[in-house]
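Step one of this worksheet: look at the structure below.
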Amino acid sequence: MRILGIETSCDETALAVVGEQEGLARGRATAEGRFVIEQNVLASQAQTHAKYGGVVPEVAAREHAALLFPLLHQMEIAHDGSGIDAIAVTAGPGLVPALRIGVELAKTFAWVWHKPLVAVNHLEGHVYSVWLDSVPQFPTLCLLVSGGHTELILMKDHGRYKLLGMTRDDAAGEAFDKVAKLLGLPYPGGPEISKAAMTGNPQAVDFPRPMLTSGDLDFSFAGLKTAVRVYLAQKEAGQKINDIAASFQQAVVDTLVHKTLQAVEQVHPRSVILSGGVSANRLLRETLKGKLHERSPEITFHAPDLSLTGDNAVMIALAGLFKAKREEFCNPLTLVADPNLRLA
Ligand code: KG4
Ligand code: ZN
């Protein structure tokens with residue numbers, strides 16, 4: 001099977017074609033294939049939105065509309081639908097005007113090319129980004145950390161999700177972006193903070209580790225952001241930005257790792273998946289992998305290739321492929337983008 005993936009939920013415009021080398025057994029949700037990225041084109045609007053300090057939905061939609069056809073033109077295969085077995089598109093969650101551009105394009109292609117259409121949840125896409133080069137065993141525990149979401153999800157099988165915990169306010173990536181702004185660093189703030197943190201002392205400032213004793217698997221990062229703001233207002237002249245960045249990053253990582261290990265204790269997964277934009281953070285990847293191995297060496301750890309941590313269409317195609325195998329198609333006449341689409 002060969003599938004075209006379309007992603008326009010936020011500020012990346014992306015198209016990809018993913019092919020499967022070995023056929024999955026029809027109807028068998030647990031069978032695995034080998035996946036090959038046959039085409040992958042992406043245009044980031046980050047620079048456009050950096051001027052505004054964050055993503056402006058209407059601007060994002062206009063950019064998607066302007067970028068999709070030039071991107072399609074760059075594709076050597078599939079630009080006319082030949083050789084494509086199905087079309088997968090991010091239907092939510094995300095920014096409505098942005099989502100709509102991709103969804104309407106996918107519906108149009110499905111209609112005129114007579115191809116089945118698969119609606120993919122963006123978060124499901126992030127989770128499936130690790131399937132490109134690994135096969136996590138079920139049940140798998142997913143820590144999904146992005147600009148819009150911070151969730152712990154138990155995945156019992158392909159397409160079967162249970163939400164274990166989520167942020168009550170800011171997402172982890174959002175906290176990185178907001179703290180970067182406070183520190184005078186550009187958007188998106190995650191990569192900037194981790195870069196600054198490389199030469200900083202993570203023990204310089206004792207920021208709070210929120211919700212560690214809340215007794216549930218929820219997160220909260222708004223208080224940590226406020227702690228940084230209060231600290232900055234009071235700090236003595238000369239305190240290094242790098243130390244503050246490193247101390248903040250350490251607090252976020254400690255919290256995420258602590259809660260994930262708490263979830264491991266509760267649900268006994270066979271594997272752990274770390275994904276979403278914040279999974280590019282090296283400290284988070286290494287700390288979670290190391291602590292998980294220390295505690296339960298039998299549990300495998302999976303994180304996407306660094307080229308697939310941020311939003312992309314490969315992950316949408318991958319998730320779509322598994323859904324297409326289960327014949328979970330949708331009607332191009334009735335599909336609508338859903339900004340609040342939930343996984344579980
Ligand atoms: O998954 P993603 O690309 O978009 C959403 O679905 O939201 O995630 C973007 C988020 C941004 O908040 C960005 O600052 C954060 O991921 N991010 C990072 C790093 N790289 C990107 N956060 C921490 N460390 C990084 N290295
Ligand atoms: Zn994302």
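Here, A, B, ... name the chains of the structure tokens in the order displayed, residue numbers run from 1 inside each chain, and ligands are numbered from 1 in the same displayed order.
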How close does range 229-319 of chain A get to range 187-211 of chain A? List, as a tab-separated table, each residue of range 229-319 of chain A within 6 Å, its nearest atom pair and the distance in Å to one decimal, counting only C-alpha atoms.
```
residue	atom	partner	partner_atom	distance
A:Asn242	CA	A:Gly200	CA	4.4
A:Asp243	CA	A:Gly200	CA	4.1
A:Ala245	CA	A:Ala197	CA	5.1
A:Ala246	CA	A:Ala197	CA	4.0
A:Ser247	CA	A:Pro202	CA	4.0
A:Gln250	CA	A:Pro202	CA	6.0
A:Ala251	CA	A:Arg209	CA	5.5
A:Thr255	CA	A:Arg209	CA	5.7
```
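Taking only C-alpha atoms and all ligand atoms into account, the residues that come within 7 Å of ligand 2 are A:His122, A:Leu123, A:His126, A:Ser146, A:Gly147, A:Gly276, A:Gly277, A:Gly310, A:Asp311.
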Taking N, CA and C atoms for each residue, export the selection above as a short mmCIF file (atom, residue, chain, number, x, y, z; two decimals), in the first residue's frame.
```
data_model
loop_
_atom_site.label_atom_id
_atom_site.label_comp_id
_atom_site.auth_asym_id
_atom_site.auth_seq_id
_atom_site.Cartn_x
_atom_site.Cartn_y
_atom_site.Cartn_z
N HIS A 122 -4.09 14.34 14.76
CA HIS A 122 -2.71 14.82 14.75
C HIS A 122 -1.85 14.14 15.84
N LEU A 123 -2.46 13.92 17.00
CA LEU A 123 -1.71 13.30 18.11
C LEU A 123 -1.38 11.84 17.79
N HIS A 126 1.64 11.86 15.74
CA HIS A 126 2.89 11.94 16.53
C HIS A 126 3.26 10.58 17.10
N SER A 146 3.89 18.27 22.98
CA SER A 146 3.98 19.15 21.81
C SER A 146 3.68 20.59 22.24
N GLY A 147 3.47 21.44 21.24
CA GLY A 147 3.17 22.84 21.56
C GLY A 147 1.76 23.01 22.10
N GLY A 276 6.14 13.89 19.73
CA GLY A 276 5.70 15.29 19.71
C GLY A 276 6.91 16.21 19.62
N GLY A 277 6.66 17.47 19.31
CA GLY A 277 7.75 18.43 19.08
C GLY A 277 8.79 18.48 20.19
N GLY A 310 8.98 17.09 14.99
CA GLY A 310 8.05 18.21 14.76
C GLY A 310 6.94 17.77 13.82
N ASP A 311 6.03 18.69 13.51
CA ASP A 311 4.91 18.33 12.63
C ASP A 311 5.42 17.97 11.24
#
```
*Determine which residues of range 162-259 of chain A receive a DSSP assignment of helix (DSSP H, G or I), computed from the backbone, and state them as a PyMOL selection string.*
chain A and resi 172-182+189-197+222-234+241-259
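Proximity ranking of A:Ile241, A:Leu261, A:Leu105, A:Val127 relative to ligand 1 places A:Val127 first, based on only C-alpha atoms and all ligand atoms.
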*Nearest-residue call for Gly159 in chain A, choices A:Glu76, A:Asp11, A:Glu20, A:Glu124, using only C-alpha atoms*: A:Glu124
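Within 6 Å of Arg2 in chain A, once only C-alpha atoms are used and residues closer than 6 positions along the same chain are dropped, the contacting residues are Val18, Gly19, Ile84 and Asp85 of chain A.
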Store the residues of this selection in a file with all heavy atoms, as a compact mmCIF listing (two decimals), in the first residue's frame.
```txt
# COMPACT_ATOMS: atom_id res chain seq x y z
N VAL A 18 4.12 7.58 1.85
CA VAL A 18 4.76 6.48 2.56
C VAL A 18 4.28 5.18 1.93
O VAL A 18 3.08 4.99 1.72
CB VAL A 18 4.45 6.53 4.07
CG1 VAL A 18 4.94 5.26 4.77
CG2 VAL A 18 5.08 7.76 4.71
N GLY A 19 5.22 4.33 1.64
CA GLY A 19 4.90 3.03 1.05
C GLY A 19 5.22 1.92 2.03
O GLY A 19 6.03 2.09 2.94
N ILE A 84 -1.23 5.89 -5.91
CA ILE A 84 -1.64 6.14 -4.52
C ILE A 84 -2.87 5.28 -4.21
O ILE A 84 -3.81 5.24 -5.00
CB ILE A 84 -2.01 7.63 -4.34
CG1 ILE A 84 -0.78 8.51 -4.47
CG2 ILE A 84 -2.72 7.89 -3.02
CD1 ILE A 84 0.20 8.33 -3.34
N ASP A 85 -2.83 4.59 -3.07
CA ASP A 85 -3.97 3.75 -2.70
C ASP A 85 -4.95 4.46 -1.78
O ASP A 85 -6.12 4.07 -1.71
CB ASP A 85 -3.48 2.47 -2.02
CG ASP A 85 -2.56 1.69 -2.94
OD1 ASP A 85 -3.02 1.28 -4.01
OD2 ASP A 85 -1.37 1.53 -2.59
```
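Pairwise distance (CA of Ala172 in chain A, atom 25 (C, counted along the ligand's line) of ligand 1) equals 10.0 Å.
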*Within 8 Å of Ser275 in chain A, counting only C-alpha atoms, which residues show up once you throw out same-chain ones fewer than 4 positions away? Write them as a list in words, please.*
His126, Val127, Ser129, Val130, Cys142, Leu143, Leu144, Val145, Ser146, Ser279, Ala303, Pro304 and Thr309 of chain A
Those residues you just picked out, can you put them in a file as a PDB file, in the first residue's frame with C-alpha atoms?
```pdb
ATOM      1  CA  HIS A 126       2.888  11.945  16.526  1.00  0.00           C
ATOM      2  CA  VAL A 127       2.522   8.555  18.221  1.00  0.00           C
ATOM      3  CA  SER A 129       6.079   8.665  14.012  1.00  0.00           C
ATOM      4  CA  VAL A 130       8.058   5.968  15.865  1.00  0.00           C
ATOM      5  CA  CYS A 142       2.901   7.239  25.185  1.00  0.00           C
ATOM      6  CA  LEU A 143       4.205  10.518  26.552  1.00  0.00           C
ATOM      7  CA  LEU A 144       3.033  13.004  23.973  1.00  0.00           C
ATOM      8  CA  VAL A 145       4.627  16.424  24.347  1.00  0.00           C
ATOM      9  CA  SER A 146       3.985  19.154  21.811  1.00  0.00           C
ATOM     10  CA  SER A 279      10.635  14.960  22.044  1.00  0.00           C
ATOM     11  CA  ALA A 303      11.345   8.097  20.189  1.00  0.00           C
ATOM     12  CA  PRO A 304      11.042   9.375  16.620  1.00  0.00           C
ATOM     13  CA  THR A 309       9.714  15.021  16.024  1.00  0.00           C
TER      14      THR A 309
END
```
*Run DSSP on the backbone and give me the residues of range 45-176 of chain A it puts in strand (DSSP E), as a PyMOL selection string.*
chain A and resi 86-92+117-121+140-145+150-157+160-166
Produce a file of the selected residues containing C-alpha atoms, as a PDB file, in the first residue's frame.
```pdb
ATOM      1  CA  ALA A  86      -5.355   6.151  -0.096  1.00  0.00           C
ATOM      2  CA  ILE A  87      -5.158   9.712   1.215  1.00  0.00           C
ATOM      3  CA  ALA A  88      -4.610  10.542   4.898  1.00  0.00           C
ATOM      4  CA  VAL A  89      -5.175  13.999   6.310  1.00  0.00           C
ATOM      5  CA  THR A  90      -4.927  15.607   9.736  1.00  0.00           C
ATOM      6  CA  ALA A  91      -8.540  16.356  10.687  1.00  0.00           C
ATOM      7  CA  GLY A  92      -7.723  17.794  14.147  1.00  0.00           C
ATOM      8  CA  LEU A 117      -9.901   8.997   2.523  1.00  0.00           C
ATOM      9  CA  VAL A 118      -8.590   8.549   6.073  1.00  0.00           C
ATOM     10  CA  ALA A 119      -9.022  11.197   8.773  1.00  0.00           C
ATOM     11  CA  VAL A 120      -6.056  11.161  11.161  1.00  0.00           C
ATOM     12  CA  ASN A 121      -5.860  12.674  14.622  1.00  0.00           C
ATOM     13  CA  THR A 140       2.550   0.874  25.047  1.00  0.00           C
ATOM     14  CA  LEU A 141       2.633   3.999  27.196  1.00  0.00           C
ATOM     15  CA  CYS A 142       2.901   7.239  25.185  1.00  0.00           C
ATOM     16  CA  LEU A 143       4.205  10.518  26.552  1.00  0.00           C
ATOM     17  CA  LEU A 144       3.033  13.004  23.973  1.00  0.00           C
ATOM     18  CA  VAL A 145       4.627  16.424  24.347  1.00  0.00           C
ATOM     19  CA  THR A 150       1.003  17.178  27.057  1.00  0.00           C
ATOM     20  CA  GLU A 151      -0.630  13.813  27.584  1.00  0.00           C
ATOM     21  CA  LEU A 152       0.074  10.354  28.928  1.00  0.00           C
ATOM     22  CA  ILE A 153      -1.815   7.837  26.803  1.00  0.00           C
ATOM     23  CA  LEU A 154      -2.072   4.086  27.139  1.00  0.00           C
ATOM     24  CA  MET A 155      -2.280   2.415  23.754  1.00  0.00           C
ATOM     25  CA  LYS A 156      -3.597  -1.129  24.072  1.00  0.00           C
ATOM     26  CA  ASP A 157      -3.461  -1.906  20.371  1.00  0.00           C
ATOM     27  CA  ARG A 160      -7.096   1.840  20.899  1.00  0.00           C
ATOM     28  CA  TYR A 161      -6.205   4.678  23.252  1.00  0.00           C
ATOM     29  CA  LYS A 162      -6.899   5.502  26.891  1.00  0.00           C
ATOM     30  CA  LEU A 163      -6.070   8.934  28.252  1.00  0.00           C
ATOM     31  CA  LEU A 164      -4.244   8.570  31.589  1.00  0.00           C
ATOM     32  CA  GLY A 165      -3.343  12.190  32.267  1.00  0.00           C
ATOM     33  CA  MET A 166      -2.949  15.562  30.629  1.00  0.00           C
TER      34      MET A 166
END
```
*Excluding range 330-334 of chain A and any residue of its chain fewer than 6 positions from it, enumerate the residues within 9 Å of it, using only C-alpha atoms, and give them as a VMD selection string.*
chain A and resid 104 106 to 108 110 to 111 116 to 119
Deliver the residues from the most recent selection as a file, using C-alpha atoms, as a compact mmCIF listing (two decimals), in the first residue's frame.
```
# COMPACT_ATOMS: atom_id res chain seq x y z
CA GLU A 104 -10.48 20.43 1.83
CA ALA A 106 -7.63 15.90 0.79
CA LYS A 107 -11.38 15.72 0.17
CA THR A 108 -10.92 17.13 -3.31
CA ALA A 110 -10.19 11.74 -2.75
CA TRP A 111 -13.16 12.81 -4.83
CA PRO A 116 -10.34 6.24 -0.05
CA LEU A 117 -9.90 9.00 2.52
CA VAL A 118 -8.59 8.55 6.07
CA ALA A 119 -9.02 11.20 8.77
```
*Excluding range 35-41 of chain A and any residue of its chain fewer than 5 positions from it, enumerate the residues within 12 Å of it, using only C-alpha atoms, and give them as a PyMOL selection string.*
chain A and resi 1-7+12-24+67-79+83-84+128-135+307-308+311-319+321-322
